[in-house]
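Student: What follows is protein-v2.tsv, TSV, C-alpha atoms.
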```tsv
chain	number	residue	atom	x	y	z
A	1118	MET	CA	242.32	-33.44	218.24
A	1119	ASP	CA	238.62	-34.20	218.62
A	1120	VAL	CA	236.09	-31.43	219.28
A	1121	THR	CA	232.59	-31.79	220.70
A	1122	GLY	CA	230.27	-28.78	220.63
A	1123	TYR	CA	227.12	-27.77	222.46
A	1124	THR	CA	224.88	-24.73	222.22
A	1125	GLN	CA	222.57	-23.27	224.84
A	1126	GLU	CA	220.07	-20.49	224.17
A	1127	PHE	CA	217.69	-18.63	226.44
A	1128	THR	CA	215.90	-15.32	226.70
A	1129	CYS	CA	215.80	-12.77	229.47
A	1130	PRO	CA	213.99	-9.46	230.03
A	1131	ILE	CA	217.22	-7.42	230.33
A	1132	ALA	CA	218.52	-5.39	227.37
A	1133	PRO	CA	221.48	-7.05	225.63
A	1134	ALA	CA	223.95	-4.22	226.35
A	1135	ARG	CA	223.23	-4.37	230.10
A	1136	MET	CA	223.71	-8.16	230.21
A	1137	PHE	CA	226.95	-7.85	228.22
A	1138	LYS	CA	228.30	-5.15	230.55
A	1139	ALA	CA	227.38	-7.09	233.68
A	1140	LEU	CA	228.36	-10.62	232.63
A	1141	ILE	CA	231.32	-9.87	230.38
A	1142	LEU	CA	232.82	-6.42	230.96
A	1143	ASP	CA	232.34	-6.19	234.75
A	1144	SER	CA	232.16	-9.86	235.76
A	1145	ASN	CA	235.39	-9.59	237.75
A	1146	ASN	CA	233.65	-7.17	240.12
A	1147	LEU	CA	230.03	-8.29	239.95
A	1148	ILE	CA	230.18	-12.09	240.13
A	1149	PRO	CA	232.20	-12.38	243.39
A	1150	ASN	CA	229.80	-9.87	245.00
A	1151	LEU	CA	226.66	-11.67	243.85
A	1152	LEU	CA	227.95	-15.21	244.42
A	1153	PRO	CA	230.46	-14.99	247.32
A	1154	GLN	CA	229.55	-18.50	248.46
A	1155	PHE	CA	231.03	-19.88	245.19
A	1156	VAL	CA	233.41	-17.32	243.66
A	1157	LYS	CA	236.18	-15.85	245.77
A	1158	SER	CA	237.63	-13.57	243.08
A	1159	VAL	CA	238.13	-12.98	239.37
A	1160	ASP	CA	241.65	-11.69	238.78
A	1161	LEU	CA	243.16	-10.27	235.62
A	1162	ILE	CA	246.60	-11.89	235.50
A	1163	HIS	CA	247.71	-10.77	232.05
A	1164	GLY	CA	246.66	-7.97	229.72
A	1165	ASP	CA	244.13	-5.16	229.93
A	1166	GLY	CA	240.89	-7.17	229.81
A	1167	GLY	CA	240.69	-7.22	226.02
A	1168	ALA	CA	241.66	-9.88	223.50
A	1169	GLY	CA	244.75	-11.79	224.60
A	1170	SER	CA	244.14	-11.13	228.29
A	1171	ILE	CA	244.06	-13.97	230.82
A	1172	GLU	CA	241.82	-13.98	233.86
A	1173	GLN	CA	241.71	-16.43	236.73
A	1174	VAL	CA	238.48	-17.29	238.51
A	1175	ASN	CA	239.15	-18.47	242.08
A	1176	PHE	CA	236.42	-20.48	243.77
A	1177	THR	CA	235.72	-20.70	247.49
A	1178	GLU	CA	236.82	-23.60	249.66
A	1179	GLY	CA	234.35	-26.44	249.67
A	1180	THR	CA	233.52	-26.20	245.97
A	1181	ASP	CA	234.67	-28.98	243.64
A	1182	ILE	CA	236.69	-26.53	241.51
A	1183	LYS	CA	239.68	-24.61	242.89
A	1184	TYR	CA	240.25	-22.25	239.94
A	1185	VAL	CA	240.04	-21.83	236.16
A	1186	LYS	CA	242.00	-19.63	233.76
A	1187	HIS	CA	240.34	-18.07	230.72
A	1188	ARG	CA	242.04	-16.44	227.76
A	1189	ILE	CA	239.95	-13.73	226.09
A	1190	ASP	CA	240.10	-14.48	222.37
A	1191	GLU	CA	237.72	-11.80	221.10
A	1192	LEU	CA	235.77	-9.02	222.77
A	1193	ASP	CA	233.32	-7.30	220.42
A	1194	ARG	CA	231.66	-4.44	222.31
A	1195	VAL	CA	229.63	-3.36	219.28
A	1196	ASN	CA	228.04	-6.72	218.47
A	1197	LEU	CA	228.02	-7.86	222.13
A	1198	VAL	CA	230.04	-11.01	221.55
A	1199	CYS	CA	232.78	-12.50	223.68
A	1200	LYS	CA	234.92	-15.49	222.73
A	1201	TYR	CA	237.15	-16.99	225.39
A	1202	THR	CA	238.91	-20.25	226.11
A	1203	MET	CA	239.36	-22.13	229.37
A	1204	ILE	CA	243.07	-22.95	229.21
A	1205	GLU	CA	243.71	-24.26	232.71
A	1206	GLY	CA	241.78	-25.56	235.71
A	1207	ASP	CA	240.12	-28.51	237.38
A	1208	PRO	CA	237.26	-28.96	234.86
A	1209	LEU	CA	239.78	-29.84	232.12
A	1210	GLY	CA	241.20	-32.78	234.04
A	1211	ASP	CA	243.40	-35.08	231.98
A	1212	LYS	CA	240.91	-35.54	229.13
A	1213	LEU	CA	240.39	-31.99	227.83
A	1214	GLU	CA	242.95	-29.67	226.31
A	1215	SER	CA	240.63	-26.66	226.56
A	1216	ILE	CA	237.04	-25.49	226.29
A	1217	ALA	CA	236.29	-22.65	223.87
A	1218	TYR	CA	233.21	-20.51	224.48
A	1219	GLU	CA	231.32	-17.98	222.42
A	1220	VAL	CA	228.76	-15.86	224.25
A	1221	ARG	CA	226.43	-13.68	222.20
A	1222	PHE	CA	223.73	-11.24	223.36
A	1223	GLU	CA	221.15	-10.24	220.75
A	1224	ALA	CA	218.08	-8.02	220.94
A	1225	GLY	CA	214.84	-9.84	221.68
A	1226	SER	CA	211.47	-8.81	220.31
A	1227	ASP	CA	210.27	-7.67	223.76
A	1228	GLY	CA	213.16	-5.32	224.62
A	1229	GLY	CA	215.03	-8.07	226.41
A	1230	CYS	CA	217.69	-10.26	224.92
A	1231	ASN	CA	218.42	-13.65	223.47
A	1232	CYS	CA	221.55	-15.15	224.99
A	1233	LYS	CA	223.41	-17.79	223.04
A	1234	MET	CA	226.37	-19.69	224.45
A	1235	THR	CA	228.34	-22.17	222.38
A	1236	SER	CA	230.89	-24.46	224.03
A	1237	SER	CA	233.50	-26.47	222.13
A	1238	TYR	CA	235.29	-29.16	224.13
A	1239	ILE	CA	238.74	-29.89	222.71
A	1240	LYS	CA	239.53	-33.45	223.77
A	1241	LEU	CA	243.00	-34.92	224.33
A	1242	GLY	CA	242.05	-38.50	223.57
A	1243	ASP	CA	239.33	-40.73	222.26
A	1244	PHE	CA	236.53	-40.63	224.80
A	1245	THR	CA	232.91	-39.56	224.94
A	1246	ILE	CA	231.90	-36.56	226.99
A	1247	LYS	CA	228.90	-37.50	229.08
A	1248	GLU	CA	225.77	-35.52	228.31
A	1249	GLU	CA	224.97	-35.15	232.03
A	1250	GLU	CA	228.40	-33.56	232.67
A	1251	ILE	CA	227.78	-31.01	229.92
A	1252	ARG	CA	224.27	-30.34	231.19
A	1253	ALA	CA	225.58	-29.82	234.74
A	1254	GLY	CA	228.07	-27.22	233.48
A	1255	GLN	CA	225.41	-25.49	231.41
A	1256	ASP	CA	223.06	-25.44	234.40
A	1257	LYS	CA	225.74	-23.74	236.50
A	1258	ALA	CA	226.28	-21.12	233.79
A	1259	ARG	CA	222.52	-20.58	233.46
A	1260	GLY	CA	222.31	-20.18	237.26
A	1261	ILE	CA	224.87	-17.37	237.14
A	1262	TYR	CA	222.91	-15.66	234.35
A	1263	LYS	CA	219.71	-15.91	236.42
A	1264	VAL	CA	221.39	-14.34	239.47
A	1265	VAL	CA	222.71	-11.47	237.34
A	1266	GLU	CA	219.32	-11.07	235.66
A	1267	ALA	CA	217.59	-10.81	239.06
A	1268	TYR	CA	220.16	-8.26	240.25
A	1269	LEU	CA	219.67	-6.12	237.14
A	1270	LEU	CA	215.87	-6.29	237.46
A	1271	GLU	CA	216.13	-5.11	241.08
A	1272	ASN	CA	218.64	-2.38	240.13
A	1273	PRO	CA	217.46	-0.89	236.81
A	1274	HIS	CA	219.96	2.00	237.00
A	1275	VAL	CA	223.02	-0.31	237.10
A	1276	TYR	CA	224.80	-0.63	233.72
A	1277	ALA	CA	222.14	1.55	232.11
```
What do you get writing this file as structure tokens?

Tutor:
Amino acid sequence: MDVTGYTQEFTCPIAPARMFKALILDSNNLIPNLLPQFVKSVDLIHGDGGAGSIEQVNFTEGTDIKYVKHRIDELDRVNLVCKYTMIEGDPLGDKLESIAYEVRFEAGSDGGCNCKMTSSYIKLGDFTIKEEEIRAGQDKARGIYKVVEAYLLENPHVYA
């Protein structure tokens, strides 16, 4: 089993706890409402939302991904860290066994937060993951963060 890892970091003006609540704890409600043109629903299909739970993200027709399933591996509400693994879905294709993610929200010096996302691609065979494919996935994730950030800036009372 070969693993390739990538890390993405960025800052935002929203407090870490608010970003964690919006993007991690309430994503099943918030993301389909903010991005209905891409995400149809986020459904909890096993568990209570904590470690060991499995959620399925269903995308709208016309997108290149039909669905993905994530297993929540760790949910640390104190340190604002979530570890989860994509265990099923179109992005895995026939070359990836899974993709493990760690998302961490830390306090920034300006009252906002530093967001760090690490992705580990667990490959099924001997092949090279193309940098542009990774970058495209990271850009999509960053786009979701930016939409949530804008929503939280416009609605300072939400997740306060």

Student: Could you name the residues that touch Pro1149 of chain A at 6 Å or less, counting only C-alpha atoms, but leaving out those on the same chain fewer than 5 positions away, as a PyMOL selection string?

Tutor: chain A and resi 1156-1158

Student: Return the single residue from A:Val1198, A:Gly1179, A:Asp1243, A:Cys1230 that is closest to Lys1212 of chain A, with distances computed using all atoms listed in the file.

Tutor: A:Asp1243

Student: So what do you get for atom CA of Ile1246 of chain A versus atom CA of Lys1263 of chain A, distance-wise?

Tutor: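 One can read the atom CA of Ile1246 of chain A to atom CA of Lys1263 of chain A distance as 25.8 Å.
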
Student: Excluding Val1220 of chain A and any residue of its chain fewer than 4 positions from it, enumerate the residues within 7 Å of it, using all atoms listed in the file, and give them as a list in words.

Tutor: Val1198, Cys1199, Lys1200, Lys1233, Met1234 and Thr1235 of chain A

Student: Taking into account only C-alpha atoms, which residue in the set A:Leu1151, A:Val1120, A:Ile1131, A:Ala1168 is nearest to Ile1261 of chain A?

Tutor: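 Answer, going by the shortest atom-to-atom distance: A:Leu1151.
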
Student: Between A:Leu1142, A:Asp1165, A:Pro1208, A:Ile1239, which has the minimum distance to Asp1193 of chain A (counting all atoms listed in the file)?

Tutor: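 Nearest to Asp1193 of chain A: A:Leu1142.
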
Student: What is the atom CA of Ile1141 of chain A to atom CA of Gly1210 of chain A distance in Å?

Tutor: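 Between atom CA of Ile1141 of chain A and atom CA of Gly1210 of chain A the gap is 25.2 Å.
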
Student: Kindly extract all protein, DNA and RNA residues lying within 8 Å of the coordinates (242.4, -14.4, 224.5) given in the file, considering all atoms listed in the file, and supply them as a VMD selection string.

Tutor: chain A and resid 1167 to 1171 1187 to 1191 1200 to 1202

Student: Show which residues sit within 7 Å of Ser1237 of chain A, as a PyMOL selection string. Count all atoms listed in the file, and ignore same-chain residues fewer than 6 positions away.

Tutor: chain A and resi 1120-1123+1216-1218

Student: Generate the output file for the selected residues, C-alpha atoms, as a short mmCIF file (atom, residue, chain, number, x, y, z; two decimals), keeping the file's coordinate frame.

Tutor:
```cif
data_model
loop_
_atom_site.label_atom_id
_atom_site.label_comp_id
_atom_site.auth_asym_id
_atom_site.auth_seq_id
_atom_site.Cartn_x
_atom_site.Cartn_y
_atom_site.Cartn_z
CA VAL A 1120 236.09 -31.43 219.28
CA THR A 1121 232.59 -31.79 220.70
CA GLY A 1122 230.27 -28.78 220.63
CA TYR A 1123 227.12 -27.77 222.46
CA ILE A 1216 237.04 -25.49 226.29
CA ALA A 1217 236.29 -22.65 223.87
CA TYR A 1218 233.21 -20.51 224.48
#
```

Student: Might you pull out every residue within 9 Å of Phe1155 of chain A, with all atoms listed in the file counted and same-chain residues fewer than 4 positions away left off, and present them as a short mmCIF file (atom, residue, chain, number, x, y, z; two decimals) with C-alpha atoms, in the frame of the given file?

Tutor:
```cif
data_model
loop_
_atom_site.label_atom_id
_atom_site.label_comp_id
_atom_site.auth_asym_id
_atom_site.auth_seq_id
_atom_site.Cartn_x
_atom_site.Cartn_y
_atom_site.Cartn_z
CA PRO A 1149 232.20 -12.38 243.39
CA ASN A 1175 239.15 -18.47 242.08
CA PHE A 1176 236.42 -20.48 243.77
CA THR A 1177 235.72 -20.70 247.49
CA GLU A 1178 236.82 -23.60 249.66
CA GLY A 1179 234.35 -26.44 249.67
CA THR A 1180 233.52 -26.20 245.97
#
```

Student: Within 12 Å of (243.1, -32.4, 230.3) (file coordinates; only C-alpha atoms), which protein or nucleic acid residues are there? I'd like them as a list in words.

Tutor: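 These residues have at least one counted atom within 12 Å: Met1203, Ile1204, Glu1205, Gly1206, Asp1207, Pro1208, Leu1209, Gly1210, Asp1211, Lys1212, Leu1213, Glu1214, Ser1215, Ile1216, Tyr1238, Ile1239, Lys1240, Leu1241, Gly1242 and Phe1244 of chain A.
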
Student: My list of candidates is A:Phe1137, A:Pro1273, A:Ala1224, A:Thr1128. Which is closest to Leu1192 of chain A when distances are computed with all atoms listed in the file?

Tutor: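 Using all atoms listed in the file, Leu1192 of chain A sits closest to A:Phe1137.
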
Student: Grab the atom CA of Lys1183 of chain A to atom CA of Ser1144 of chain A distance for me, in Å with one decimal place.

Tutor: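 Going from atom CA of Lys1183 of chain A over to atom CA of Ser1144 of chain A covers 18.0 Å.
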
Student: With all atoms listed in the file as the basis for distance, which of A:Asn1145, A:Asn1272, A:Ser1226, A:Asn1150 is at the shortest distance from Gly1166 of chain A?

Tutor: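 Of A:Asn1145, A:Asn1272, A:Ser1226, A:Asn1150, the one nearest Gly1166 of chain A, counting all atoms listed in the file, is A:Asn1145.
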
Student: Which of these, A:Cys1232, A:Ile1162, A:Ala1267, A:Ala1253, has the shortest distance to Phe1127 of chain A once you count all atoms listed in the file?

Tutor: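 For Phe1127 of chain A, the nearest of the given residues is A:Cys1232.
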
Student: I'd like the neighbourhood of Ala1134 of chain A as a VMD selection string, where a residue qualifies if any of its atoms comes within 9 Å (using all atoms listed in the file), though same-chain residues fewer than 2 positions away should be ignored.

Tutor: chain A and resid 1131 to 1132 1136 to 1139 1194 1197 1222 to 1224 1230 1276 to 1277
